[in-house]
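Colleague: I'd like to ask you about the structure that follows.
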Amino acid sequence: MDIRPLVSFGRTVHEQATAHREAEDASGREDVPWHALEREAALERLESSRDGLDADDAARRLDEEGPNELADEDGVSTLSLLVSQFTGPLILLLFFAAGLSLVVGLLPGRDPGYTDAALILLILLGNGLFGFVQNYRAEQALAALREMATPDATVRRDGSIRAVPATEVVPGDVVVLEAGDAVPADARILTAADCRADESTLTGESAPVDKAADSVEADAALADRRSVLHAGTTVVRGRAEAVVVATAMDTELGAIADQLGQARQRETPFEIEVDRLGRRIGVGIVALILLIAAVQLFLTATDPVVVLLVAVTLAVAAVPEGLPAVVTLTLALGSRTLMERNALVRNLAVVESLGAVDYIVTDKTGTLTENRMTVTRAWLPDDRTVELDGGSDSTAAASGDGDATPDAGAVSDPDPALAALLSCGARCNDTKELDDGAHRGDPTEVALVNAAADAGLDGSRDPDDRLREVPFTSERKRMSVVVDAFDAPGDGPVALVKGAPEEIVARCDRVLVDGEIESFDDERRERVEATVTAFADDALRVLGFAYAPEADPDADDETLESGLVFLGLQGMTDPAREGVAEAVADCRDAGVQVTMATGDTPRTARAIAREVGIDADSVVTGTEVAAMDDEELGQVVEETNVFARVAPEHKVRILRALQDAGYTVAMTGDGVNDAPALGNADVGIAMGDRGTQVAQGASDVVLRDDNFVTIRDAIAEGRGIFDNIRKFVNYLLSANAGEVFVVFLGTLLGAALFPAVFASESALVITPVALLWLNLVTDGFPALALGADPKSNDVMRRPPRPRDEGVLDRRTVASILGIGVALTGAGLGVFFYALSRSGDLVVAQTVLFTFLVTAELVRTQSVRLRYRLSPLSNPWLLGAVGLSLALHLVLLYTPAADLFGVVPLGLTEWGWVAGAFVPFLAANLCLVWLNDRLFDS
């Protein structure tokens, strides 16, 4: 079985994306700067109107344009997946051995080796089916993850508003959007009322973006195209109507998906190593067969038939038939373990690659943070700062110099000044309360409502209580409502105002201090300004709050929002996810560097980085990255852990710089803007809950709980898996090396020491089918069980292994060769001793066969000594050893012995086998001791 097809589940959408774009080239629509066109010009170009399309025109356009959905990935067909299990170099070599067994029958006086060939082919079939099942399950799990209900979109059709499946939206449709609606396609805004959109999945910006119908400059950056709503984003406030200008792969979201097709397709280090290992074994076996054949034909004048038999035997002895099955099972077990911990592995081979990761390049929003704005700090005009825990049961107040005091009291019983501040934020608010008690709307306003609710105040908004509203706009930078009453000095009606601190302070002439309204003098204004700066330095978004008693609901906006009483400030942030700081520390202890690459400002990036334990002494912006050449960037990426204001192409450059420096890099993210970097990373890790379809399609691993902590567990799991792979590769190859030496030297020594016995055409030290049984059954079960070994205690206290260090490091090679020599010496010794004492070749072959079986079963424990694992720590291994020994006894003492050319052994013969164990065990212990001194010092 070839390991490489384990990951070929259709990684790129490039071909379908290109086809869509070529179709659009003919219309010329893809180059139109829709954000710069006036509304009527956009409608005219799309041959639409403010009333939208009629049903017939929409149906025609749907037929021409195709459904509004991203081009899906092309999965590997079931037949291709099955065939791929039988194309590896080791498997092809065994097919060759089976063919040789049949070709022998063409020679004069010889019968075809039907039994040998049938057994080889049967085991190959079972091994291939096993690998196919594991890969098929992985592909089906991915399909299940991506299966989702088709959302609806609200459009104007035939002059009326109706809901249609989002996949049926076409260019020219006029979509109607309100707070909470997902934007189904790229659309030019026609009308907007206090509209704001969350574009964090597209641009990485945490804060919602104001949207309006006015055109912007043609060269405006994506994040500044305020006149366009983009597919994959969400309206969080207000409402808008917009004409669809692009769907499916022609949207900005689709353009990023298209970039994935240009991502460098990288084999994982493990895939490269396994492929190289298989080829080396194959080349070595062919070379060895040719060498032995030449020696036998030209130096010993051996019959050509015997040469062919020895060739078949060597091929069977040298090929670790169980290796592909054990690799697949071990990776599948690791994949299942990660699935239980909410990590879906799309790519079996990448499970092991997780253990080799040197760098994790992670986005901030939704990955390190919760992607949920939370009020964390309030400032009151008596110069008190109150720390709010965003949902916990207590606060901590601070004096004017900012030193926190721990006895501030409980949020559930705030003082009147704090209660007035929080209540103002909750009531001057446009969020909507859902049936489950949660709130939907602008994340900033949701945070204000939650802060009031955490303080025991009524966070809900009663529409009937509102006498008037002056909505927020990007030009005004404030919002006002008029209510009947408010729990603060003064009579009703009361105007409640919130907005940018500088706007609110400029409209205040009084301030509420200790329940009394006092003059808002210059000294107090300076304190407010200093506090706003301090909050901003901690990456907090700051809003100011005020009220006006005895307000006139019919007054003009300017009068209503003048002569205000200042209530204080609230600072909010997108907080770090719980457990992230500990996970980052664990990664650092394991030698894995965590680097943040975010679209947020340097100030915000630095604050979050410090909160989660990432070194933020140096912050480099995307603009600076773009100005660097590759050599300069290669130096910067190893010295910098925080990159801010980065675009998708900057993330890809950062990744490539690390990879070109020889590091194995994982990329984590959830947004569309993360997808190109996810596709280029050695290990792409997407978020399953908040993550977009594009990000998940570009990734190797999907975290279903969106928890960065799971990455730490995945790295530990990957390292444990690599240890297990190294164990069973050591185990299998040392056994196979011994078997090859036994066949090679045994044939030559047998002809020299016992010429009469080995003159027969069928004289071999061990038969091919016996070796096949040995490799697939007695080796196979224990090797499979080694794949389930527990992780060693120090797995997360080691540095990552070098990128160029494969499974076969120097210690493993020394162990393989040393054990192979020990197995050969003890095995041939007992073989020739048994032959000399019994005079029966079959008895000697059976003694050698039994010694190899029992010696290799004991060998399972010696390969584990390097990892300091207790013999009882893996019950599966104990069971596998017992099962293999039982199967061997069944083979010896049942009619099956005739099929394999062996005979039952008596006590005398068992005594010979036991005697051979003394030098073999001594050699094992000496080799472990010697390797510890040479390679672990």
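If you're wondering about the labels, chains in the structure tokens are A, B, ... by order shown, residues count from 1 in each chain, ligands from 1 in order shown.
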Applying 12 Å and only C-alpha atoms, which residues near range 868-882 of chain A remain after dropping the ones on its own chain fewer than 3 positions away? List them as a ChimeraX atom specification.
Modeller: /A:723-724,727-728,777-795,853-865,885-889,928,932
Colleague: Keeping only N, CA and C atoms, take the residues you just selected and write them out as a CSV table (one decimal), in the first residue's frame.
Modeller:
```csv
chain,number,residue,atom,x,y,z
A,723,ASP,N,6.6,8.2,17.9
A,723,ASP,CA,7.3,7.2,18.7
A,723,ASP,C,6.9,5.8,18.4
A,724,ASN,N,5.6,5.6,18.3
A,724,ASN,CA,5.1,4.3,18.1
A,724,ASN,C,5.5,3.8,16.7
A,727,LYS,N,8.9,2.7,16.9
A,727,LYS,CA,9.0,1.4,17.6
A,727,LYS,C,8.8,0.2,16.6
A,728,PHE,N,7.6,0.3,15.9
A,728,PHE,CA,7.3,-0.9,15.1
A,728,PHE,C,8.1,-1.0,13.8
A,777,VAL,N,1.8,-12.7,10.7
A,777,VAL,CA,1.0,-13.1,11.9
A,777,VAL,C,1.8,-12.8,13.1
A,778,THR,N,2.9,-13.5,13.3
A,778,THR,CA,3.6,-13.3,14.6
A,778,THR,C,4.2,-12.0,14.7
A,779,ASP,N,4.7,-11.4,13.6
A,779,ASP,CA,5.2,-10.0,13.6
A,779,ASP,C,4.0,-9.0,13.6
A,780,GLY,N,3.0,-9.3,12.8
A,780,GLY,CA,1.9,-8.4,12.5
A,780,GLY,C,1.1,-8.0,13.8
A,781,PHE,N,0.6,-8.9,14.5
A,781,PHE,CA,-0.2,-8.6,15.7
A,781,PHE,C,0.6,-7.8,16.7
A,782,PRO,N,1.8,-8.2,17.1
A,782,PRO,CA,2.5,-7.3,18.0
A,782,PRO,C,2.8,-5.9,17.5
A,783,ALA,N,3.1,-5.9,16.2
A,783,ALA,CA,3.4,-4.6,15.6
A,783,ALA,C,2.2,-3.7,15.6
A,784,LEU,N,1.0,-4.2,15.4
A,784,LEU,CA,-0.2,-3.5,15.5
A,784,LEU,C,-0.4,-3.0,16.9
A,785,ALA,N,-0.1,-3.8,17.8
A,785,ALA,CA,-0.3,-3.5,19.3
A,785,ALA,C,0.7,-2.4,19.7
A,786,LEU,N,1.9,-2.4,19.1
A,786,LEU,CA,2.9,-1.3,19.4
A,786,LEU,C,2.3,0.0,18.9
A,787,GLY,N,1.5,0.0,17.9
A,787,GLY,CA,0.9,1.2,17.4
A,787,GLY,C,-0.1,1.8,18.4
A,788,ALA,N,-0.5,1.0,19.4
A,788,ALA,CA,-1.4,1.5,20.4
A,788,ALA,C,-0.7,1.8,21.7
A,789,ASP,N,0.6,1.8,21.7
A,789,ASP,CA,1.4,2.1,22.9
A,789,ASP,C,1.0,3.5,23.5
A,790,PRO,N,1.0,3.6,24.8
A,790,PRO,CA,0.7,4.9,25.4
A,790,PRO,C,1.9,5.9,25.2
A,791,LYS,N,1.6,7.2,25.3
A,791,LYS,CA,2.7,8.2,25.1
A,791,LYS,C,3.6,8.1,26.3
A,792,SER,N,4.9,8.4,26.1
A,792,SER,CA,5.8,8.4,27.2
A,792,SER,C,5.6,9.7,28.0
A,793,ASN,N,6.1,9.8,29.2
A,793,ASN,CA,5.8,10.9,30.1
A,793,ASN,C,6.5,12.2,29.6
A,794,ASP,N,7.6,12.0,28.9
A,794,ASP,CA,8.4,13.2,28.5
A,794,ASP,C,8.0,13.7,27.1
A,795,VAL,N,6.9,13.3,26.5
A,795,VAL,CA,6.6,13.6,25.1
A,795,VAL,C,6.5,15.1,24.9
A,853,VAL,N,10.2,-17.0,15.8
A,853,VAL,CA,8.9,-16.6,16.3
A,853,VAL,C,9.0,-16.1,17.7
A,854,THR,N,9.5,-16.9,18.6
A,854,THR,CA,9.6,-16.6,20.0
A,854,THR,C,10.6,-15.4,20.3
A,855,ALA,N,11.7,-15.4,19.5
A,855,ALA,CA,12.7,-14.3,19.7
A,855,ALA,C,12.1,-12.9,19.3
A,856,GLU,N,11.3,-12.9,18.2
A,856,GLU,CA,10.7,-11.7,17.8
A,856,GLU,C,9.6,-11.2,18.7
A,857,LEU,N,8.9,-12.2,19.4
A,857,LEU,CA,7.9,-11.8,20.4
A,857,LEU,C,8.6,-11.1,21.6
A,858,VAL,N,9.7,-11.7,22.0
A,858,VAL,CA,10.4,-11.1,23.1
A,858,VAL,C,11.0,-9.7,22.7
A,859,ARG,N,11.3,-9.6,21.5
A,859,ARG,CA,11.9,-8.3,21.0
A,859,ARG,C,10.9,-7.1,21.2
A,860,THR,N,9.6,-7.4,21.3
A,860,THR,CA,8.6,-6.3,21.4
A,860,THR,C,8.9,-5.5,22.7
A,861,GLN,N,9.4,-6.1,23.7
A,861,GLN,CA,9.7,-5.3,24.9
A,861,GLN,C,11.0,-4.5,24.9
A,862,SER,N,12.0,-5.1,24.2
A,862,SER,CA,13.3,-4.4,24.1
A,862,SER,C,13.2,-3.1,23.3
A,863,VAL,N,12.3,-3.0,22.3
A,863,VAL,CA,12.2,-1.7,21.6
A,863,VAL,C,11.5,-0.7,22.4
A,864,ARG,N,10.8,-1.1,23.5
A,864,ARG,CA,10.1,-0.1,24.3
A,864,ARG,C,11.0,0.4,25.4
A,865,LEU,N,12.1,-0.2,25.7
A,865,LEU,CA,13.0,0.2,26.8
A,865,LEU,C,13.5,1.7,26.6
A,885,LEU,N,1.8,-16.4,19.9
A,885,LEU,CA,2.4,-17.6,20.4
A,885,LEU,C,1.4,-18.8,20.3
A,886,ALA,N,0.1,-18.5,20.6
A,886,ALA,CA,-0.9,-19.5,20.5
A,886,ALA,C,-1.1,-20.0,19.1
A,887,LEU,N,-1.1,-19.0,18.1
A,887,LEU,CA,-1.3,-19.3,16.7
A,887,LEU,C,-0.1,-20.2,16.2
A,888,HIS,N,1.1,-19.9,16.7
A,888,HIS,CA,2.2,-20.7,16.3
A,888,HIS,C,2.1,-22.1,16.8
A,889,LEU,N,1.6,-22.3,18.0
A,889,LEU,CA,1.5,-23.6,18.6
A,889,LEU,C,0.4,-24.4,17.8
A,928,VAL,N,20.9,-2.3,24.1
A,928,VAL,CA,20.2,-1.2,24.7
A,928,VAL,C,21.1,-0.4,25.6
A,932,ASP,N,22.1,3.6,24.7
A,932,ASP,CA,21.8,4.6,25.7
A,932,ASP,C,23.1,5.5,25.9
```
Colleague: From a backbone DSSP assignment, name each residue in range 383-589 of chain A labelled alpha helix (DSSP H), as a PyMOL selection string.
Modeller: chain A and resi 416-427+443-454+501-506+522-537+557-560+580-589
Colleague: Using CA of Leu823 in chain A and CA of Leu930 in chain A as the two end points, give the distance in Å to one decimal.
Modeller: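 It comes out at 17.4 Å.
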Colleague: Might you pull out every residue within 6 Å of range 898-912 of chain A, with only C-alpha atoms counted and same-chain residues fewer than 3 positions away left off, and present them as a ChimeraX atom specification?
Modeller: /A:770,846,892-893,895,915
Colleague: Which residues are near Leu540 in chain A? Cut-off 8 Å, only C-alpha atoms, ignore same chain within fewer than 2 positions. Put them as a PyMOL selection string.
Modeller: chain A and resi 535-538+542+571-573+604
Colleague: Save the residues we just selected, N, CA, C and O atoms, as a PDB file, in the first residue's frame?
Modeller:
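again.pdb written:
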```
ATOM      1  N   PHE A 535      -6.925  53.089  28.473  1.00  0.00           N
ATOM      2  CA  PHE A 535      -7.746  51.964  28.014  1.00  0.00           C
ATOM      3  C   PHE A 535      -7.294  51.514  26.625  1.00  0.00           C
ATOM      4  O   PHE A 535      -7.163  50.319  26.344  1.00  0.00           O
ATOM      5  N   ALA A 536      -7.063  52.484  25.755  1.00  0.00           N
ATOM      6  CA  ALA A 536      -6.647  52.153  24.386  1.00  0.00           C
ATOM      7  C   ALA A 536      -5.303  51.455  24.373  1.00  0.00           C
ATOM      8  O   ALA A 536      -5.059  50.552  23.556  1.00  0.00           O
ATOM      9  N   ASP A 537      -4.407  51.837  25.267  1.00  0.00           N
ATOM     10  CA  ASP A 537      -3.101  51.181  25.352  1.00  0.00           C
ATOM     11  C   ASP A 537      -3.241  49.710  25.737  1.00  0.00           C
ATOM     12  O   ASP A 537      -2.348  48.905  25.448  1.00  0.00           O
ATOM     13  N   ASP A 538      -4.332  49.378  26.410  1.00  0.00           N
ATOM     14  CA  ASP A 538      -4.602  47.984  26.761  1.00  0.00           C
ATOM     15  C   ASP A 538      -5.501  47.307  25.734  1.00  0.00           C
ATOM     16  O   ASP A 538      -6.132  46.277  26.017  1.00  0.00           O
ATOM     17  N   VAL A 542     -13.230  51.915  23.538  1.00  0.00           N
ATOM     18  CA  VAL A 542     -13.804  52.740  24.604  1.00  0.00           C
ATOM     19  C   VAL A 542     -15.023  53.497  24.093  1.00  0.00           C
ATOM     20  O   VAL A 542     -14.994  54.087  23.007  1.00  0.00           O
ATOM     21  N   GLY A 571     -14.886  50.114  28.684  1.00  0.00           N
ATOM     22  CA  GLY A 571     -13.890  49.579  27.761  1.00  0.00           C
ATOM     23  C   GLY A 571     -14.155  48.112  27.508  1.00  0.00           C
ATOM     24  O   GLY A 571     -14.445  47.345  28.431  1.00  0.00           O
ATOM     25  N   MET A 572     -14.066  47.718  26.250  1.00  0.00           N
ATOM     26  CA  MET A 572     -14.373  46.323  25.907  1.00  0.00           C
ATOM     27  C   MET A 572     -13.314  45.760  24.980  1.00  0.00           C
ATOM     28  O   MET A 572     -12.588  46.490  24.301  1.00  0.00           O
ATOM     29  N   THR A 573     -13.244  44.463  24.968  1.00  0.00           N
ATOM     30  CA  THR A 573     -12.257  43.776  24.139  1.00  0.00           C
ATOM     31  C   THR A 573     -12.797  42.424  23.741  1.00  0.00           C
ATOM     32  O   THR A 573     -13.801  41.947  24.287  1.00  0.00           O
ATOM     33  N   THR A 604      -3.636  46.316  19.565  1.00  0.00           N
ATOM     34  CA  THR A 604      -4.508  45.208  19.970  1.00  0.00           C
ATOM     35  C   THR A 604      -3.759  43.882  19.934  1.00  0.00           C
ATOM     36  O   THR A 604      -3.872  43.065  20.842  1.00  0.00           O
TER      37      THR A 604
END
```
Colleague: For Lys498 in chain A, find every residue with an atom within 6 Å (counting only C-alpha atoms), except residues of its own chain fewer than 4 positions away, and show them as a PDB file with N, CA, C and O atoms, in the first residue's frame.
Modeller:
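Now in result-v2.pdb:
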```
ATOM      1  N   ARG A 478     -22.289  58.665  17.502  1.00  0.00           N
ATOM      2  CA  ARG A 478     -23.040  58.588  18.751  1.00  0.00           C
ATOM      3  C   ARG A 478     -24.465  58.141  18.443  1.00  0.00           C
ATOM      4  O   ARG A 478     -24.916  58.192  17.296  1.00  0.00           O
ATOM      5  N   MET A 479     -25.148  57.706  19.494  1.00  0.00           N
ATOM      6  CA  MET A 479     -26.545  57.276  19.392  1.00  0.00           C
ATOM      7  C   MET A 479     -27.282  57.806  20.613  1.00  0.00           C
ATOM      8  O   MET A 479     -26.729  57.876  21.723  1.00  0.00           O
ATOM      9  N   GLY A 544     -18.092  56.378  25.545  1.00  0.00           N
ATOM     10  CA  GLY A 544     -18.510  57.282  26.595  1.00  0.00           C
ATOM     11  C   GLY A 544     -20.023  57.286  26.736  1.00  0.00           C
ATOM     12  O   GLY A 544     -20.752  57.024  25.757  1.00  0.00           O
ATOM     13  N   PHE A 545     -20.525  57.591  27.949  1.00  0.00           N
ATOM     14  CA  PHE A 545     -21.957  57.529  28.225  1.00  0.00           C
ATOM     15  C   PHE A 545     -22.382  58.773  28.996  1.00  0.00           C
ATOM     16  O   PHE A 545     -21.649  59.268  29.857  1.00  0.00           O
TER      17      PHE A 545
END
```
Colleague: Counting only C-alpha atoms, which residue out of A:Gly128, A:Leu457, A:Val505, A:Phe741 sits closest to Ser84 in chain A?
Modeller: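 Result for the nearest residue to Ser84 in chain A: A:Gly128.
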